[in-house]
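Undergrad: Just passing along the structure, written as structure tokens.
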Amino acid sequence: MLKKAVITAAGLGTRLLPITKELPKEMLPLFSVSDNAVGLKPIIHIVFESLLGVGVSEVCFIVGKSKRAIEDYFTPDADFIEVLRAKGVENRANELMKFYSAIRNAKIFFINQPEPRGFGDAVLRAEPFVGADPFIVHAGDDAVISEGHNHLRRLVKVFQEYDCDATLLAEDVEDPRAYGVLRGKVVNDYGSILRVLDIIEKPREPPTNIAAIAVYAFKPKIFSYLRNVKPDSGGEVQLTAAIKAMIDDGCDVCAVKLKPGERRLDVGTPQSYWKALYESYQLAVRRMTGLVMSDG
């Protein structure tokens with residue numbers, strides 16, 4: 001299994017202002033179930049638990065200069081546990097204890113991205129943490145809910161079994177123009193595994209409706225491509241451009257599509273956040289009645 005993961009959380013969240021002026025969008029809450037009660041967790045908490053659930057033991061957060069809230073959240077606070085217990089909120093105290101135990105058992109690092117120069121630049125800053133090891137990249141504002149974190153298990157399995165240089169999650173969407181859109185050749189598994197032939201960032205005329213999800217597995221060679229990517233017109237280094245360069249060079253890049261019943265929860269815009277809240281609540285309630293999968 002891959003032991004290292006990079007969680008990116010350095011974007012400005014401009015489409016969600018003014019709430020994201022002080023609160024990182026990755027800290028926006030979604031509904032979840034713990035200790036048989038429906039509660040709220042920051043989306044980055046859900047991402048963190050899903051990665052640990054598939055064997056990741058070292059996590060590097062890429063944060064911006066205004067993201068101190070994330071570092072604080074991932075710092076155990078024993079005094080707060082005692083306050084909860086004194087108030088008789090034992091179930092919530094126990095939930096936090098489990099979270100703090102997971103934090104203590106993992107190796108956690110924080111790297112600062114001084115200015116928002118794009119997803120690709122954020123990933124590049126993790127090179128000292130990654131070293132020569134393969135690793136997972138997961139956007140901190142983009143969670144996928146599946147039974148037993150099966151989407152991540154498939155991602156890692158394909159990455160390893162096909163000896164890929166890069167593997168990404170993907171899904172069919174109605175309007176792919178706001179995403180990185182890929183074109184690929186079906187390998188097997190009933191069409192859910194593709195050999196990626198091309199990827200285009202936010203095309204006006206998408207060649208397919210298969211959109212990349214911001215969850216990837218990489219060999220460290222991705223860093224050499226990121227260093228050579230020219231910034232776009234907005235001055236940002238796009239990860240999609242580096243992946244396209246890998247494909248053009250003949251590297252093996254695969255995609256793993258989500259299966260029916262798996263849910264991507266995105267908090268990038270007010271509309272997508274509203275949808276994510278609604279879907280996470282429905283999943284939590286159905287889980288409480290034993291009808292659907294666990295979210296970790």
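Labels used: A, B, ... for chains in the order of the structure tokens, numbers from 1 for residues in each chain, and numbers from 1 for ligands as shown.
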Using backbone DSSP assignments, extract all strand (DSSP E or B) residues from stretch 22-235 of chain A; output them as a PyMOL selection string.

TA: chain A and resi 29-34+37-42+58-63+107-112+135-139+142-145+166-172+180-188+193-201+210-218

Undergrad: Excluding A:Tyr281 and any residue of its chain fewer than 4 positions from it, enumerate the residues within 10 Å of it, using only C-alpha atoms, and give them as a list in words.

TA: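 Contacts, with the query itself left out: Leu30, Phe31, Ser32, Val33, Val38, Gly39, Leu40, Lys275, Ala276, Leu277, Val285, Arg286 and Arg287 of chain A.
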
Undergrad: Residues at most 7 Å from stretch 47-57 of chain A, counting only C-alpha atoms, excluding those fewer than 6 positions away in the same chain, as a list in words?

TA: Met1, Leu2, Lys3, Lys4, Ala5, Ala106, Lys107, Gly140, Ala143, His149, Arg153 and Gly296 of chain A

Undergrad: Would you output that residue set with N, CA, C and O atoms, as a PDB file, in the first residue's frame?

TA:
```
ATOM      1  N   MET A   1       0.829  -1.208   0.000  1.00  0.00           N
ATOM      2  CA  MET A   1       0.000   0.000   0.000  1.00  0.00           C
ATOM      3  C   MET A   1       0.865   1.261   0.000  1.00  0.00           C
ATOM      4  O   MET A   1       1.998   1.247   0.489  1.00  0.00           O
ATOM      5  N   LEU A   2       0.326   2.341  -0.541  1.00  0.00           N
ATOM      6  CA  LEU A   2       1.020   3.621  -0.500  1.00  0.00           C
ATOM      7  C   LEU A   2       0.901   4.193   0.904  1.00  0.00           C
ATOM      8  O   LEU A   2      -0.193   4.232   1.476  1.00  0.00           O
ATOM      9  N   LYS A   3       2.009   4.636   1.458  1.00  0.00           N
ATOM     10  CA  LYS A   3       2.036   5.107   2.840  1.00  0.00           C
ATOM     11  C   LYS A   3       1.989   6.618   2.970  1.00  0.00           C
ATOM     12  O   LYS A   3       1.718   7.137   4.055  1.00  0.00           O
ATOM     13  N   LYS A   4       2.262   7.332   1.885  1.00  0.00           N
ATOM     14  CA  LYS A   4       2.316   8.785   1.946  1.00  0.00           C
ATOM     15  C   LYS A   4       1.173   9.420   1.159  1.00  0.00           C
ATOM     16  O   LYS A   4       0.807   8.931   0.091  1.00  0.00           O
ATOM     17  N   ALA A   5       0.642  10.509   1.715  1.00  0.00           N
ATOM     18  CA  ALA A   5      -0.415  11.249   1.019  1.00  0.00           C
ATOM     19  C   ALA A   5      -0.215  12.739   1.219  1.00  0.00           C
ATOM     20  O   ALA A   5       0.245  13.186   2.285  1.00  0.00           O
ATOM     21  N   ALA A 106      -0.357   8.852  13.310  1.00  0.00           N
ATOM     22  CA  ALA A 106       0.130   9.197  11.973  1.00  0.00           C
ATOM     23  C   ALA A 106       1.275  10.195  12.083  1.00  0.00           C
ATOM     24  O   ALA A 106       1.442  10.870  13.101  1.00  0.00           O
ATOM     25  N   LYS A 107       2.071  10.263  11.033  1.00  0.00           N
ATOM     26  CA  LYS A 107       3.087  11.308  10.930  1.00  0.00           C
ATOM     27  C   LYS A 107       2.497  12.430  10.087  1.00  0.00           C
ATOM     28  O   LYS A 107       2.127  12.212   8.930  1.00  0.00           O
ATOM     29  N   GLY A 140      -8.189  18.829  -0.524  1.00  0.00           N
ATOM     30  CA  GLY A 140      -8.840  18.870   0.777  1.00  0.00           C
ATOM     31  C   GLY A 140     -10.278  19.319   0.754  1.00  0.00           C
ATOM     32  O   GLY A 140     -10.968  19.266   1.777  1.00  0.00           O
ATOM     33  N   ALA A 143     -14.259  15.370  -1.332  1.00  0.00           N
ATOM     34  CA  ALA A 143     -14.321  14.047  -0.699  1.00  0.00           C
ATOM     35  C   ALA A 143     -15.149  13.097  -1.553  1.00  0.00           C
ATOM     36  O   ALA A 143     -16.079  13.518  -2.247  1.00  0.00           O
ATOM     37  N   HIS A 149     -14.094   2.820   1.817  1.00  0.00           N
ATOM     38  CA  HIS A 149     -13.151   3.635   1.038  1.00  0.00           C
ATOM     39  C   HIS A 149     -12.693   2.876  -0.212  1.00  0.00           C
ATOM     40  O   HIS A 149     -11.519   2.950  -0.628  1.00  0.00           O
ATOM     41  N   ARG A 153      -9.088   2.273  -2.589  1.00  0.00           N
ATOM     42  CA  ARG A 153      -8.466   0.942  -2.725  1.00  0.00           C
ATOM     43  C   ARG A 153      -8.309   0.579  -4.202  1.00  0.00           C
ATOM     44  O   ARG A 153      -7.281   0.023  -4.607  1.00  0.00           O
ATOM     45  N   GLY A 296     -16.658   6.358   7.268  1.00  0.00           N
ATOM     46  CA  GLY A 296     -15.414   6.369   8.035  1.00  0.00           C
ATOM     47  C   GLY A 296     -15.608   6.974   9.395  1.00  0.00           C
ATOM     48  O   GLY A 296     -14.658   7.133  10.126  1.00  0.00           O
TER      49      GLY A 296
END
```

Undergrad: Which is closest to A:Gly180 among A:Lys259, A:Phe218, A:Asp232, A:Ala241, if we use only C-alpha atoms?

TA: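 For A:Gly180, the nearest of the given residues is A:Ala241.
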
Undergrad: With only C-alpha atoms as the basis for distance, which of A:Cys60, A:Ala37, A:Met97, A:Ile70 is at the shortest distance from A:Glu22?

TA: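 Nearest candidate to A:Glu22 out of A:Cys60, A:Ala37, A:Met97, A:Ile70: A:Ile70.
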
Undergrad: Could you list, as number ranges by chain, every residue within 10 Å of A:Asp121, counting only C-alpha atoms and ignoring same-chain residues fewer than 3 positions away?

TA: A: 113, 115-118, 124-126, 223, 226-227, 229, 231, 236-239

Undergrad: Only all heavy atoms, please: the residues just picked out, written as a CSV table (one decimal), in the first residue's frame.

TA:
```csv
chain,number,residue,atom,x,y,z
A,113,GLN,N,2.3,27.1,1.2
A,113,GLN,CA,2.4,27.7,-0.1
A,113,GLN,C,2.1,29.2,0.1
A,113,GLN,O,1.0,29.6,0.3
A,113,GLN,CB,1.3,27.1,-1.0
A,113,GLN,CG,1.4,27.5,-2.5
A,113,GLN,CD,0.2,27.0,-3.3
A,113,GLN,OE1,-0.9,26.8,-2.8
A,113,GLN,NE2,0.4,26.8,-4.6
A,115,GLU,N,1.9,31.8,-1.7
A,115,GLU,CA,0.8,32.5,-2.5
A,115,GLU,C,0.2,31.5,-3.4
A,115,GLU,O,0.8,30.4,-3.7
A,115,GLU,CB,1.4,33.6,-3.4
A,115,GLU,CG,2.6,33.2,-4.2
A,115,GLU,CD,3.3,34.3,-4.9
A,115,GLU,OE1,2.6,35.3,-5.3
A,115,GLU,OE2,4.5,34.3,-5.1
A,116,PRO,N,-1.1,31.7,-3.7
A,116,PRO,CA,-1.9,30.7,-4.4
A,116,PRO,C,-1.5,30.6,-5.9
A,116,PRO,O,-2.0,31.4,-6.7
A,116,PRO,CB,-3.3,31.1,-4.3
A,116,PRO,CG,-3.2,32.6,-4.0
A,116,PRO,CD,-2.0,32.8,-3.3
A,117,ARG,N,-0.6,29.7,-6.2
A,117,ARG,CA,0.0,29.6,-7.6
A,117,ARG,C,-0.5,28.3,-8.3
A,117,ARG,O,0.1,27.9,-9.2
A,117,ARG,CB,1.5,29.6,-7.6
A,117,ARG,CG,2.1,31.0,-7.1
A,117,ARG,CD,3.5,31.1,-7.4
A,117,ARG,NE,3.8,31.1,-8.9
A,117,ARG,CZ,4.5,30.1,-9.5
A,117,ARG,NH1,5.0,29.1,-8.8
A,117,ARG,NH2,4.6,30.2,-10.8
A,118,GLY,N,-1.7,27.8,-7.8
A,118,GLY,CA,-2.3,26.7,-8.5
A,118,GLY,C,-2.0,25.3,-7.8
A,118,GLY,O,-1.2,25.2,-7.0
A,124,LEU,N,3.9,20.4,-6.1
A,124,LEU,CA,5.3,20.4,-6.2
A,124,LEU,C,6.0,20.8,-4.9
A,124,LEU,O,7.1,20.3,-4.6
A,124,LEU,CB,5.7,21.5,-7.3
A,124,LEU,CG,7.2,21.7,-7.6
A,124,LEU,CD1,7.8,20.4,-8.0
A,124,LEU,CD2,7.3,22.8,-8.7
A,125,ARG,N,5.4,21.5,-4.1
A,125,ARG,CA,5.9,21.9,-2.8
A,125,ARG,C,6.1,20.7,-1.8
A,125,ARG,O,6.8,20.8,-0.8
A,125,ARG,CB,5.2,23.0,-2.1
A,125,ARG,CG,5.3,24.3,-2.9
A,125,ARG,CD,4.6,25.5,-2.3
A,125,ARG,NE,4.8,26.7,-3.1
A,125,ARG,CZ,5.8,27.5,-3.0
A,125,ARG,NH1,6.7,27.2,-2.1
A,125,ARG,NH2,6.0,28.5,-3.8
A,126,ALA,N,5.4,19.6,-2.1
A,126,ALA,CA,5.5,18.4,-1.3
A,126,ALA,C,6.6,17.5,-1.6
A,126,ALA,O,6.8,16.5,-1.0
A,126,ALA,CB,4.2,17.6,-1.4
A,223,PHE,N,7.1,15.3,-10.3
A,223,PHE,CA,7.7,16.5,-9.9
A,223,PHE,C,8.5,17.2,-11.0
A,223,PHE,O,8.6,18.4,-11.2
A,223,PHE,CB,8.6,16.4,-8.7
A,223,PHE,CG,7.8,16.0,-7.5
A,223,PHE,CD1,8.0,14.8,-6.8
A,223,PHE,CD2,6.7,16.8,-7.0
A,223,PHE,CE1,7.3,14.4,-5.7
A,223,PHE,CE2,6.0,16.4,-5.9
A,223,PHE,CZ,6.3,15.2,-5.2
A,226,LEU,N,6.1,18.9,-13.3
A,226,LEU,CA,5.6,20.1,-12.7
A,226,LEU,C,6.6,21.2,-12.8
A,226,LEU,O,6.2,22.4,-13.0
A,226,LEU,CB,5.2,19.8,-11.2
A,226,LEU,CG,3.9,19.0,-11.0
A,226,LEU,CD1,3.8,18.6,-9.6
A,226,LEU,CD2,2.7,19.8,-11.4
A,227,ARG,N,7.9,20.9,-12.6
A,227,ARG,CA,8.9,22.0,-12.7
A,227,ARG,C,8.9,22.6,-14.1
A,227,ARG,O,9.4,23.8,-14.2
A,227,ARG,CB,10.2,21.4,-12.3
A,227,ARG,CG,10.4,21.3,-10.7
A,227,ARG,CD,11.9,21.1,-10.4
A,227,ARG,NE,12.3,19.7,-10.8
A,227,ARG,CZ,12.1,18.6,-10.0
A,227,ARG,NH1,11.6,18.8,-8.8
A,227,ARG,NH2,12.5,17.5,-10.4
A,229,VAL,N,6.3,22.8,-16.2
A,229,VAL,CA,5.0,23.4,-16.7
A,229,VAL,C,5.0,24.9,-16.7
A,229,VAL,O,5.4,25.5,-15.7
A,229,VAL,CB,3.8,22.9,-15.8
A,229,VAL,CG1,2.6,23.7,-16.1
A,229,VAL,CG2,3.6,21.4,-16.0
A,231,PRO,N,3.2,28.4,-16.3
A,231,PRO,CA,2.0,28.9,-15.7
A,231,PRO,C,1.0,29.3,-16.7
A,231,PRO,O,1.3,29.7,-17.8
A,231,PRO,CB,2.5,30.1,-14.8
A,231,PRO,CG,3.9,29.8,-14.6
A,231,PRO,CD,4.4,29.1,-15.9
A,236,GLU,N,-1.0,30.5,-12.7
A,236,GLU,CA,-1.1,29.3,-11.9
A,236,GLU,C,-0.5,28.1,-12.6
A,236,GLU,O,-0.6,28.0,-13.9
A,236,GLU,CB,-2.5,29.0,-11.5
A,236,GLU,CG,-3.1,30.0,-10.6
A,236,GLU,CD,-4.5,29.6,-10.1
A,236,GLU,OE1,-5.1,28.6,-10.6
A,236,GLU,OE2,-5.0,30.2,-9.1
A,237,VAL,N,0.2,27.2,-11.9
A,237,VAL,CA,0.7,25.9,-12.4
A,237,VAL,C,-0.4,24.9,-12.3
A,237,VAL,O,-0.8,24.5,-11.2
A,237,VAL,CB,2.0,25.5,-11.7
A,237,VAL,CG1,2.5,24.2,-12.2
A,237,VAL,CG2,3.1,26.6,-11.8
A,238,GLN,N,-0.8,24.3,-13.4
A,238,GLN,CA,-1.9,23.4,-13.4
A,238,GLN,C,-1.4,21.9,-13.4
A,238,GLN,O,-0.5,21.6,-14.2
A,238,GLN,CB,-2.8,23.6,-14.6
A,238,GLN,CG,-3.5,24.9,-14.7
A,238,GLN,CD,-4.5,25.1,-13.5
A,238,GLN,OE1,-4.9,24.1,-12.9
A,238,GLN,NE2,-4.8,26.4,-13.3
A,239,LEU,N,-1.9,21.1,-12.4
A,239,LEU,CA,-1.5,19.7,-12.4
A,239,LEU,C,-1.9,19.0,-13.7
A,239,LEU,O,-1.2,18.1,-14.1
A,239,LEU,CB,-2.2,19.1,-11.2
A,239,LEU,CG,-1.8,17.6,-10.9
A,239,LEU,CD1,-0.3,17.4,-10.7
A,239,LEU,CD2,-2.6,17.1,-9.7
```

Undergrad: DSSP says helix (DSSP H, G or I) for which residues of stretch 17-228 of chain A? Put them as a PyMOL selection string?

TA: chain A and resi 19-21+25-27+43-52+68-73+78-86+90-105+119-124+127-130+147-161+176-178+222-228

Undergrad: By how many Å are atom CA of A:Ile62 and atom CA of A:Ala122 apart?

TA: 6.3 Å
